$ cat data.tsv   # TSV, C-alpha atoms
chain	number	residue	atom	x	y	z
A	1	MET	CA	24.29	22.61	-15.44
A	2	ILE	CA	26.37	23.35	-18.55
A	3	SER	CA	30.18	23.56	-18.62
A	4	ASN	CA	32.27	26.75	-18.69
A	5	ARG	CA	33.08	26.13	-22.36
A	6	GLN	CA	29.42	25.55	-23.29
A	7	PHE	CA	28.42	28.68	-21.39
A	8	LEU	CA	31.04	30.81	-23.16
A	9	ILE	CA	30.23	29.45	-26.63
A	10	GLY	CA	26.47	29.67	-26.03
A	11	GLY	CA	26.75	33.24	-24.73
A	12	ILE	CA	28.88	34.39	-27.69
A	13	ALA	CA	26.53	32.67	-30.16
A	14	LEU	CA	23.48	34.33	-28.59
A	15	ALA	CA	25.13	37.78	-28.67
A	16	LEU	CA	26.07	37.31	-32.34
A	17	VAL	CA	22.56	36.16	-33.30
A	18	ILE	CA	21.01	39.17	-31.53
A	19	GLY	CA	23.52	41.58	-33.11
A	20	VAL	CA	23.05	40.25	-36.65
A	21	ALA	CA	19.26	40.16	-36.20
A	22	ALA	CA	19.46	43.82	-35.12
A	23	VAL	CA	20.96	44.73	-38.52
A	24	PHE	CA	17.91	43.31	-40.30
A	25	PHE	CA	15.05	43.78	-37.84
A	26	ALA	CA	15.82	46.70	-35.48
A	27	SER	CA	13.34	49.58	-35.60
A	28	ALA	CA	14.39	52.63	-37.61
A	29	ASP	CA	12.23	54.91	-35.44
A	30	PRO	CA	14.24	57.51	-33.48
A	31	ASP	CA	15.15	56.53	-29.93
A	32	GLY	CA	13.82	58.38	-26.88
A	33	LEU	CA	16.62	60.96	-26.95
A	34	ASP	CA	16.31	61.73	-30.66
A	35	SER	CA	12.50	61.78	-30.43
A	36	THR	CA	12.79	64.39	-27.67
A	37	ALA	CA	15.20	66.46	-29.79
A	38	LEU	CA	12.76	66.26	-32.72
A	39	ILE	CA	9.92	67.45	-30.47
A	40	VAL	CA	12.04	70.35	-29.21
A	41	GLN	CA	12.84	71.28	-32.82
A	42	GLY	CA	9.16	71.15	-33.83
A	43	GLN	CA	9.45	68.11	-36.10
A	44	LYS	CA	7.44	65.69	-33.97
A	45	ASP	CA	4.79	65.74	-31.28
A	46	LEU	CA	4.91	63.60	-28.16
A	47	THR	CA	2.50	60.87	-29.23
A	48	GLY	CA	2.77	60.90	-33.02
A	49	PRO	CA	5.46	59.67	-35.39
A	50	ALA	CA	8.07	62.02	-36.85
A	51	GLY	CA	7.39	63.17	-40.41
A	52	PRO	CA	9.18	61.48	-43.32
A	53	GLY	CA	12.80	62.59	-43.51
A	54	ALA	CA	12.69	64.25	-40.10
A	55	GLU	CA	16.22	64.64	-38.77
A	56	VAL	CA	17.72	66.42	-35.78
A	57	ASP	CA	19.18	69.75	-36.96
A	58	GLU	CA	22.68	69.46	-35.49
A	59	ALA	CA	23.77	72.93	-36.63
A	60	SER	CA	21.44	74.59	-34.11
A	61	LEU	CA	22.83	72.58	-31.17
A	62	PRO	CA	25.53	73.78	-28.74
A	63	GLY	CA	28.16	71.04	-29.29
A	64	SER	CA	30.98	72.10	-31.62
A	65	PHE	CA	33.16	68.97	-31.58
A	66	GLU	CA	33.03	66.79	-34.67
A	67	TYR	CA	34.38	63.28	-34.97
A	68	ASN	CA	33.93	61.10	-38.03
A	69	ALA	CA	33.77	57.50	-36.85
A	70	PRO	CA	35.12	55.02	-39.41
A	71	PHE	CA	31.87	53.02	-39.44
A	72	ALA	CA	29.30	55.66	-38.49
A	73	ASP	CA	25.81	54.27	-37.87
A	74	TYR	CA	27.24	50.73	-38.02
A	75	THR	CA	27.59	50.94	-41.80
A	76	LEU	CA	30.33	51.09	-44.38
A	77	GLU	CA	29.97	53.61	-47.20
A	78	GLY	CA	28.87	51.76	-50.30
A	79	GLY	CA	28.36	48.57	-48.30
A	80	SER	CA	25.37	46.27	-48.04
A	81	ARG	CA	23.34	44.74	-45.23
A	82	LEU	CA	25.85	41.91	-45.28
A	83	THR	CA	28.79	44.23	-44.58
A	84	ASP	CA	26.69	45.88	-41.86
A	85	ALA	CA	26.23	42.44	-40.29
A	86	GLY	CA	29.99	41.91	-40.53
A	87	LEU	CA	30.60	45.23	-38.76
A	88	MET	CA	28.15	44.26	-36.03
A	89	VAL	CA	29.94	40.94	-35.51
A	90	ALA	CA	33.26	42.83	-35.35
A	91	GLY	CA	31.87	45.22	-32.73
A	92	ILE	CA	30.53	42.40	-30.57
A	93	LEU	CA	33.82	40.52	-30.83
A	94	ALA	CA	35.76	43.72	-30.03
A	95	ALA	CA	33.85	44.08	-26.75
A	96	LEU	CA	34.40	40.40	-25.98
A	97	VAL	CA	38.10	40.38	-26.84
A	98	LEU	CA	38.77	43.56	-24.83
A	99	VAL	CA	37.52	41.83	-21.67
A	100	LEU	CA	39.26	38.52	-22.40
A	101	ALA	CA	42.55	40.33	-23.07
A	102	LEU	CA	42.20	42.31	-19.87
A	103	GLY	CA	41.52	39.03	-18.04
A	104	LYS	CA	44.75	37.56	-19.47
A	105	GLY	CA	46.69	40.67	-18.49
A	106	LEU	CA	45.21	40.53	-15.02
A	107	LYS	CA	46.18	36.89	-14.61
A	108	ALA	CA	49.78	37.68	-15.60
A	109	TYR	CA	49.81	40.67	-13.22
A	110	ARG	CA	48.55	38.52	-10.32
A	111	GLN	CA	51.10	35.81	-11.04
A	112	THR	CA	53.93	38.37	-11.08
A	113	ARG	CA	52.78	39.82	-7.77
A	114	SER	CA	52.42	36.45	-6.07
A	115	SER	CA	55.84	35.15	-7.22
B	1	MET	CA	20.10	57.17	-25.07
B	2	HIS	CA	23.57	57.83	-26.43
B	3	ILE	CA	24.14	61.59	-26.33
B	4	PRO	CA	25.99	62.76	-29.48
B	5	ASP	CA	28.74	65.41	-29.43
B	6	SER	CA	26.46	68.02	-31.00
B	7	PHE	CA	24.07	67.99	-28.00
B	8	MET	CA	26.48	69.46	-25.44
B	9	PRO	CA	29.22	72.14	-25.26
B	10	ILE	CA	32.74	70.71	-24.96
B	11	SER	CA	33.29	72.46	-21.59
B	12	GLN	CA	30.28	70.68	-20.02
B	13	GLY	CA	31.32	67.37	-21.59
B	14	ALA	CA	34.72	67.81	-19.93
B	15	VAL	CA	33.11	68.20	-16.50
B	16	TYR	CA	31.16	64.95	-16.95
B	17	TRP	CA	34.34	63.24	-18.17
B	18	LEU	CA	36.14	64.26	-14.94
B	19	ILE	CA	33.32	62.85	-12.81
B	20	ALA	CA	33.18	59.69	-14.93
B	21	LEU	CA	36.95	59.20	-14.57
B	22	VAL	CA	36.58	58.92	-10.79
B	23	PHE	CA	34.09	56.08	-11.26
B	24	ILE	CA	36.22	54.47	-13.99
B	25	VAL	CA	39.18	54.35	-11.58
B	26	LEU	CA	36.93	52.75	-8.92
B	27	ALA	CA	35.63	50.31	-11.55
B	28	LEU	CA	39.19	49.32	-12.44
B	29	ARG	CA	39.79	48.65	-8.76
B	30	TRP	CA	36.75	46.33	-8.88
B	31	VAL	CA	38.35	44.60	-11.88
B	32	ARG	CA	41.66	44.19	-10.03
B	33	ASN	CA	40.14	42.96	-6.77
B	34	GLU	CA	36.92	41.19	-7.75
B	35	MET	CA	37.17	40.02	-11.36
B	36	SER	CA	38.50	36.53	-10.66
B	37	GLU	CA	39.63	34.23	-13.44
B	38	GLU	CA	36.32	32.33	-13.18
B	39	LYS	CA	34.34	35.54	-13.69
B	40	VAL	CA	36.17	36.65	-16.87
B	41	PRO	CA	34.02	34.61	-19.35
B	42	LEU	CA	30.79	35.94	-17.79
B	43	VAL	CA	32.08	39.54	-17.87
B	44	ALA	CA	33.15	39.07	-21.52
B	45	ILE	CA	29.76	37.62	-22.52
B	46	LEU	CA	27.93	40.41	-20.73
B	47	ALA	CA	30.04	43.02	-22.58
B	48	ALA	CA	29.33	41.33	-25.93
B	49	GLY	CA	25.65	40.88	-25.07
B	50	VAL	CA	25.14	44.47	-23.94
B	51	PHE	CA	26.81	45.66	-27.17
B	52	ALA	CA	24.48	43.48	-29.28
B	53	LEU	CA	21.32	44.33	-27.35
B	54	GLN	CA	22.06	48.06	-27.45
B	55	ALA	CA	21.99	47.82	-31.25
B	56	PHE	CA	18.55	46.20	-31.25
B	57	ASN	CA	16.01	49.02	-31.21
B	58	ILE	CA	12.47	47.85	-30.47
B	59	PRO	CA	9.47	50.06	-31.31
B	60	VAL	CA	7.69	51.36	-28.19
B	61	THR	CA	4.82	53.22	-29.97
B	62	MET	CA	4.54	57.01	-30.46
B	63	GLY	CA	7.02	56.83	-33.36
B	64	THR	CA	9.84	55.98	-30.98
B	65	SER	CA	12.09	53.01	-30.33
B	66	GLY	CA	14.41	51.96	-27.54
B	67	HIS	CA	16.96	49.38	-26.57
B	68	LEU	CA	18.44	47.79	-23.47
B	69	LEU	CA	20.89	49.95	-21.53
B	70	GLY	CA	22.16	47.06	-19.45
B	71	GLY	CA	23.47	48.78	-16.32
B	72	ALA	CA	21.04	47.05	-13.98
B	73	LEU	CA	21.53	43.64	-15.58
B	74	VAL	CA	25.33	43.77	-15.26
B	75	ALA	CA	25.29	45.16	-11.71
B	76	ILE	CA	22.81	42.51	-10.51
B	77	VAL	CA	24.51	39.55	-12.20
B	78	LEU	CA	28.05	40.52	-11.18
B	79	GLY	CA	27.05	41.85	-7.76
B	80	SER	CA	28.52	45.35	-8.05
B	81	PRO	CA	27.55	48.67	-9.61
B	82	PHE	CA	31.22	49.13	-10.52
B	83	ALA	CA	30.94	46.11	-12.82
B	84	ALA	CA	28.29	48.07	-14.73
B	85	VAL	CA	30.58	51.11	-14.90
B	86	PHE	CA	33.38	48.91	-16.26
B	87	ILE	CA	31.33	47.10	-18.90
B	88	LEU	CA	29.32	50.12	-20.03
B	89	THR	CA	32.56	52.15	-20.35
B	90	LEU	CA	34.11	49.48	-22.60
B	91	VAL	CA	30.95	49.19	-24.70
B	92	LEU	CA	30.58	52.98	-25.03
B	93	ILE	CA	34.24	53.33	-26.10
B	94	VAL	CA	33.79	50.74	-28.88
B	95	GLN	CA	30.45	52.25	-29.96
B	96	GLY	CA	31.70	55.85	-29.90
B	97	VAL	CA	35.14	55.40	-31.45
B	98	LEU	CA	34.28	52.85	-34.17
B	99	PHE	CA	30.60	53.43	-34.88
B	100	GLY	CA	29.87	57.04	-33.90
B	101	ASP	CA	27.11	55.83	-31.56
B	102	GLY	CA	27.39	58.36	-28.72
B	103	GLY	CA	29.87	61.21	-28.82
B	104	ILE	CA	33.50	61.45	-27.73
B	105	THR	CA	33.49	64.73	-25.76
B	106	VAL	CA	30.17	63.68	-24.16
B	107	MET	CA	31.22	60.08	-23.48
B	108	GLY	CA	31.72	60.95	-19.81
B	109	ALA	CA	28.04	61.95	-19.58
B	110	ASN	CA	26.98	58.72	-21.30
B	111	ILE	CA	29.16	56.68	-18.92
B	112	ILE	CA	27.62	58.49	-15.94
B	113	ASN	CA	24.05	58.01	-17.20
B	114	MET	CA	24.12	54.42	-18.37
B	115	GLY	CA	27.01	52.96	-16.36
B	116	VAL	CA	27.13	54.87	-13.07
B	117	ILE	CA	23.47	55.84	-12.53
B	118	GLY	CA	22.12	52.76	-14.33
B	119	GLY	CA	24.44	50.49	-12.36
B	120	PHE	CA	23.91	52.04	-8.94
B	121	VAL	CA	20.13	52.44	-9.30
B	122	GLY	CA	19.83	48.90	-10.68
B	123	TYR	CA	21.98	47.33	-7.98
B	124	TYR	CA	20.50	49.07	-4.93
B	125	ALA	CA	16.91	48.97	-6.20
B	126	TYR	CA	17.30	45.23	-6.82
B	127	HIS	CA	18.58	44.54	-3.31
B	128	GLY	CA	15.98	46.77	-1.69
B	129	LEU	CA	13.14	45.19	-3.66
B	130	ARG	CA	14.38	41.64	-3.18
B	131	SER	CA	14.31	42.02	0.58
B	132	LEU	CA	10.69	43.20	0.24
B	133	THR	CA	9.33	40.89	-2.46
B	134	LYS	CA	11.63	37.84	-1.97
B	135	ASN	CA	11.36	37.37	-5.75
B	136	MET	CA	14.58	37.90	-7.70
B	137	PHE	CA	12.96	38.19	-11.15
B	138	VAL	CA	10.30	40.74	-10.15
B	139	SER	CA	12.95	42.70	-8.25
B	140	ALA	CA	15.34	42.63	-11.22
B	141	ALA	CA	12.61	43.73	-13.65
B	142	VAL	CA	11.47	46.68	-11.50
B	143	ALA	CA	15.08	47.66	-10.75
B	144	ALA	CA	15.85	47.57	-14.49
B	145	TRP	CA	12.85	49.80	-15.24
B	146	LEU	CA	14.09	52.31	-12.65
B	147	ALA	CA	17.63	52.03	-14.04
B	148	CYS	CA	16.25	53.09	-17.43
B	149	ILE	CA	13.96	55.96	-16.49
B	150	ILE	CA	16.17	57.62	-13.85
B	151	PRO	CA	19.22	57.96	-16.15
B	152	ALA	CA	16.85	59.29	-18.86
B	153	LEU	CA	15.57	62.00	-16.51
B	154	VAL	CA	19.15	62.86	-15.50
B	155	ALA	CA	20.07	63.08	-19.22
B	156	ALA	CA	17.15	65.51	-19.67
B	157	LEU	CA	18.58	67.67	-16.86
B	158	GLU	CA	22.09	67.53	-18.37
B	159	LEU	CA	20.69	68.58	-21.73
B	160	TYR	CA	18.71	71.37	-20.09
B	161	ALA	CA	21.99	72.61	-18.57
B	162	ALA	CA	23.54	72.30	-22.04
B	163	GLY	CA	20.81	74.47	-23.54
B	164	THR	CA	19.60	71.68	-25.83
B	165	PHE	CA	16.28	70.76	-24.18
B	166	PRO	CA	13.86	73.06	-22.36
B	167	LEU	CA	13.37	71.83	-18.79
B	168	VAL	CA	9.77	70.63	-18.53
B	169	PRO	CA	9.19	69.41	-22.10
B	170	GLY	CA	12.56	67.63	-21.97
B	171	LEU	CA	11.72	65.87	-18.70
B	172	VAL	CA	8.20	64.97	-19.87
B	173	SER	CA	9.29	63.60	-23.22
B	174	MET	CA	12.34	61.70	-21.92
B	175	GLY	CA	10.25	60.42	-19.00
B	176	VAL	CA	7.32	59.21	-21.13
B	177	TYR	CA	9.48	57.49	-23.75
B	178	HIS	CA	11.79	55.86	-21.23
B	179	ALA	CA	8.90	54.70	-19.07
B	180	LEU	CA	8.01	52.58	-22.12
B	181	ILE	CA	11.60	51.72	-23.08
B	182	GLY	CA	12.05	50.68	-19.44
B	183	LEU	CA	9.55	47.86	-20.05
B	184	VAL	CA	11.96	46.51	-22.69
B	185	GLU	CA	14.80	46.90	-20.16
B	186	ALA	CA	12.76	45.08	-17.50
B	187	ALA	CA	11.78	42.19	-19.78
B	188	ILE	CA	15.29	41.60	-21.17
B	189	THR	CA	16.90	41.87	-17.73
B	190	GLY	CA	14.46	39.30	-16.31
B	191	VAL	CA	14.92	36.91	-19.25
B	192	VAL	CA	18.74	37.08	-19.21
B	193	LEU	CA	18.79	36.59	-15.44
B	194	ALA	CA	16.50	33.55	-15.83
B	195	LEU	CA	18.74	32.16	-18.58
B	196	ILE	CA	21.80	32.38	-16.31
B	197	VAL	CA	19.92	31.01	-13.27
B	198	ASN	CA	18.83	28.01	-15.36
B	199	SER	CA	22.19	27.34	-17.03
B	200	ARG	CA	24.91	28.36	-14.57
B	201	PRO	CA	23.50	29.59	-11.26
B	202	ASP	CA	26.91	29.05	-9.65
B	203	ILE	CA	28.53	31.89	-11.59
B	204	LEU	CA	26.07	34.51	-10.41
B	205	ASP	CA	27.40	36.70	-7.63
B	206	ARG	CA	26.29	35.36	-4.25
B	207	SER	CA	24.65	38.73	-3.49
B	208	THR	CA	22.14	38.03	-6.30
B	209	GLY	CA	20.39	35.69	-3.90
B	210	VAL	CA	20.08	32.65	-6.15
B	211	PRO	CA	19.39	29.55	-4.04
B	212	ALA	CA	22.52	27.37	-3.71

$ encode --input "data.tsv" --output "structure tokens"
Amino acid sequence: MISNRQFLIGGIALALVIGVAAVFFASADPDGLDSTALIVQGQKDLTGPAGPGAEVDEASLPGSFEYNAPFADYTLEGGSRLTDAGLMVAGILAALVLVLALGKGLKAYRQTRSS
Amino acid sequence: MHIPDSFMPISQGAVYWLIALVFIVLALRWVRNEMSEEKVPLVAILAAGVFALQAFNIPVTMGTSGHLLGGALVAIVLGSPFAAVFILTLVLIVQGVLFGDGGITVMGANIINMGVIGGFVGYYAYHGLRSLTKNMFVSAAVAAWLACIIPALVAALELYAAGTFPLVPGLVSMGVYHALIGLVEAAITGVVLALIVNSRPDILDRSTGVPA
């Protein structure tokens, strides 16, 4: 059995390797939701691939809210694959740090309540 | 399966947000009562891992790809569907706010689909199947498949209500694609569970049924 420290480091390393690999090797095919939207909009059939340049026509959809994420599609404008990998690492670490920080806060809260 | 803002009217997104908030409050109670200091590293790794795996789209034929959702995996490993709600909410907030992956007004719907439905279906299917099959890996894989396809069908219904998908074609298409994507979900859930069983079986929740 490995130690707590080894488990944490191994888990973080594995998540980072998967995330960075995703930048280089993930499929560019639309996911199940986007494929369905493309079918509904007549740009794809169920079993075949979407045509080149096929994109969901957002203007015809009912949602009116628009939000421009700073790193939309996990990329930086004018960046490279390397900056994409950096963004992916940052996202993975953000998820990790959020939980660890909450854990610290929880520990302090429990200590305050028990004293 | 991250619904973007354009797919749903704001008013419907608000309704799903209200429902999701109820589950988020219950998930925070799980955090307060059940997330012991020893569990924090595992919860953190699962959050990081789900984030990474959700970025890794794998082709599933028919010009479509899919990735792990993770609700079943988290609920099984941590022994509570509310753990899935908690982790998926955190991951969806980071994805939506920073990377535009999944909308903001529709985030409640995404939390319900992947966190709430994925977590509850994964957790209860796993426990039901394990009592039948006595095999934790087969049970986890089948539960994960169900925790992929059922949220996909619910998403199709939500998007029918939104006026984005027609009912039957939406259900058929989402069902067919996620029946395949569910195989990815099943395989990854089984492999990650095996990795934890082989490295640190003691940190799995006792309800998982790993031999002591």

$ closest_residue --input "data.tsv" --among "B:Val97, B:Ala109, B:Leu28, B:Gly71" --to "Tyr74 (chain A)" --atoms "all atoms listed in the file"
B:Val97

$ closest_residue --input "data.tsv" --among "B:Thr208, B:Thr189, B:Asn57, B:Asn33" --to "chain A" --atoms "all atoms listed in the file"
B:Asn57

$ interface_residues --input "data.tsv" --of "chain A" --to "chain B" --cutoff "6 Å" --atoms "all atoms listed in the file" --output "JSON list (two decimals) with C-alpha atoms, keeping the file's coordinate frame"
[["chain", "number", "residue", "atom", "x", "y", "z"],
["A", 1, "MET", "CA", 24.29, 22.61, -15.44],
["A", 2, "ILE", "CA", 26.37, 23.35, -18.55],
["A", 11, "GLY", "CA", 26.75, 33.24, -24.73],
["A", 15, "ALA", "CA", 25.13, 37.78, -28.67],
["A", 18, "ILE", "CA", 21.01, 39.17, -31.53],
["A", 19, "GLY", "CA", 23.52, 41.58, -33.11],
["A", 22, "ALA", "CA", 19.46, 43.82, -35.12],
["A", 26, "ALA", "CA", 15.82, 46.70, -35.48],
["A", 27, "SER", "CA", 13.34, 49.58, -35.60],
["A", 29, "ASP", "CA", 12.23, 54.91, -35.44],
["A", 30, "PRO", "CA", 14.24, 57.51, -33.48],
["A", 31, "ASP", "CA", 15.15, 56.53, -29.93],
["A", 32, "GLY", "CA", 13.82, 58.38, -26.88],
["A", 33, "LEU", "CA", 16.62, 60.96, -26.95],
["A", 36, "THR", "CA", 12.79, 64.39, -27.67],
["A", 47, "THR", "CA", 2.50, 60.87, -29.23],
["A", 48, "GLY", "CA", 2.77, 60.90, -33.02],
["A", 49, "PRO", "CA", 5.46, 59.67, -35.39],
["A", 61, "LEU", "CA", 22.83, 72.58, -31.17],
["A", 62, "PRO", "CA", 25.53, 73.78, -28.74],
["A", 63, "GLY", "CA", 28.16, 71.04, -29.29],
["A", 69, "ALA", "CA", 33.77, 57.50, -36.85],
["A", 70, "PRO", "CA", 35.12, 55.02, -39.41],
["A", 71, "PHE", "CA", 31.87, 53.02, -39.44],
["A", 72, "ALA", "CA", 29.30, 55.66, -38.49],
["A", 73, "ASP", "CA", 25.81, 54.27, -37.87],
["A", 74, "TYR", "CA", 27.24, 50.73, -38.02],
["A", 92, "ILE", "CA", 30.53, 42.40, -30.57],
["A", 95, "ALA", "CA", 33.85, 44.08, -26.75],
["A", 96, "LEU", "CA", 34.40, 40.40, -25.98],
["A", 99, "VAL", "CA", 37.52, 41.83, -21.67],
["A", 103, "GLY", "CA", 41.52, 39.03, -18.04]]

$ atom_distance --input "data.tsv" --atom1 "CA of Leu73 (chain B)" --atom2 "CA of Ala140 (chain B)"
7.6 Å

$ atom_distance --input "data.tsv" --atom1 "CA of Ala90 (chain A)" --atom2 "CA of Thr75 (chain A)"
11.8 Å

$ atom_distance --input "data.tsv" --atom1 "CA of Tyr160 (chain B)" --atom2 "CA of Ala37 (chain A)"
11.4 Å

$ residues_around --input "data.tsv" --residues "region 116-133 of chain B" --least-positions-apart "2" --cutoff "10 Å" --atoms "only C-alpha atoms" --output "PyMOL selection string"
chain B and resi 20+23-24+27+69-86+88-89+109-114+135-152+154+207-209

$ residues_around --input "data.tsv" --residues "Gln43 (chain A)" --least-positions-apart "5" --cutoff "10 Å" --atoms "only C-alpha atoms" --output "list in words"
Ser35, Thr36, Ala37, Leu38, Pro49, Ala50, Gly51, Pro52, Gly53, Ala54, Glu55, Val56 and Asp57 of chain A

$ write_last_selection --input "data.tsv" --atoms "C-alpha atoms" --output "JSON list (two decimals), in the frame of the given file"
[["chain", "number", "residue", "atom", "x", "y", "z"],
["A", 35, "SER", "CA", 12.50, 61.78, -30.43],
["A", 36, "THR", "CA", 12.79, 64.39, -27.67],
["A", 37, "ALA", "CA", 15.20, 66.46, -29.79],
["A", 38, "LEU", "CA", 12.76, 66.26, -32.72],
["A", 49, "PRO", "CA", 5.46, 59.67, -35.39],
["A", 50, "ALA", "CA", 8.07, 62.02, -36.85],
["A", 51, "GLY", "CA", 7.39, 63.17, -40.41],
["A", 52, "PRO", "CA", 9.18, 61.48, -43.32],
["A", 53, "GLY", "CA", 12.80, 62.59, -43.51],
["A", 54, "ALA", "CA", 12.69, 64.25, -40.10],
["A", 55, "GLU", "CA", 16.22, 64.64, -38.77],
["A", 56, "VAL", "CA", 17.72, 66.42, -35.78],
["A", 57, "ASP", "CA", 19.18, 69.75, -36.96]]

$ build_atoms --input "data.tsv" --residues "region 89-103 of chain A" --atoms "N, CA and C atoms" --output "mmCIF file, in the frame of the given file"
data_model
loop_
_atom_site.group_PDB
_atom_site.id
_atom_site.type_symbol
_atom_site.label_atom_id
_atom_site.label_comp_id
_atom_site.auth_asym_id
_atom_site.auth_seq_id
_atom_site.Cartn_x
_atom_site.Cartn_y
_atom_site.Cartn_z
ATOM 1 N N VAL A 89 29.190 42.071 -36.083
ATOM 2 C CA VAL A 89 29.940 40.940 -35.510
ATOM 3 C C VAL A 89 31.292 41.440 -34.990
ATOM 4 N N ALA A 90 31.956 42.299 -35.774
ATOM 5 C CA ALA A 90 33.260 42.830 -35.350
ATOM 6 C C ALA A 90 33.130 43.634 -34.059
ATOM 7 N N GLY A 91 32.071 44.421 -33.943
ATOM 8 C CA GLY A 91 31.870 45.220 -32.730
ATOM 9 C C GLY A 91 31.644 44.344 -31.513
ATOM 10 N N ILE A 92 30.820 43.318 -31.686
ATOM 11 C CA ILE A 92 30.530 42.400 -30.570
ATOM 12 C C ILE A 92 31.817 41.685 -30.151
ATOM 13 N N LEU A 93 32.579 41.229 -31.152
ATOM 14 C CA LEU A 93 33.820 40.520 -30.830
ATOM 15 C C LEU A 93 34.853 41.471 -30.210
ATOM 16 N N ALA A 94 34.835 42.739 -30.613
ATOM 17 C CA ALA A 94 35.760 43.720 -30.030
ATOM 18 C C ALA A 94 35.497 43.869 -28.532
ATOM 19 N N ALA A 95 34.202 43.964 -28.167
ATOM 20 C CA ALA A 95 33.850 44.080 -26.750
ATOM 21 C C ALA A 95 34.276 42.832 -25.988
ATOM 22 N N LEU A 96 34.048 41.682 -26.602
ATOM 23 C CA LEU A 96 34.400 40.400 -25.980
ATOM 24 C C LEU A 96 35.910 40.272 -25.780
ATOM 25 N N VAL A 97 36.649 40.558 -26.870
ATOM 26 C CA VAL A 97 38.100 40.380 -26.840
ATOM 27 C C VAL A 97 38.757 41.360 -25.864
ATOM 28 N N LEU A 98 38.219 42.583 -25.774
ATOM 29 C CA LEU A 98 38.770 43.560 -24.830
ATOM 30 C C LEU A 98 38.756 42.996 -23.404
ATOM 31 N N VAL A 99 37.627 42.381 -23.026
ATOM 32 C CA VAL A 99 37.520 41.830 -21.670
ATOM 33 C C VAL A 99 38.427 40.617 -21.507
ATOM 34 N N LEU A 100 38.421 39.725 -22.511
ATOM 35 C CA LEU A 100 39.260 38.520 -22.400
ATOM 36 C C LEU A 100 40.739 38.897 -22.317
ATOM 37 N N ALA A 101 41.153 39.906 -23.096
ATOM 38 C CA ALA A 101 42.550 40.330 -23.070
ATOM 39 C C ALA A 101 42.904 40.949 -21.721
ATOM 40 N N LEU A 102 41.973 41.718 -21.187
ATOM 41 C CA LEU A 102 42.200 42.310 -19.870
ATOM 42 C C LEU A 102 42.304 41.210 -18.814
ATOM 43 N N GLY A 103 41.481 40.176 -18.955
ATOM 44 C CA GLY A 103 41.520 39.030 -18.040
ATOM 45 C C GLY A 103 42.876 38.342 -18.083
#
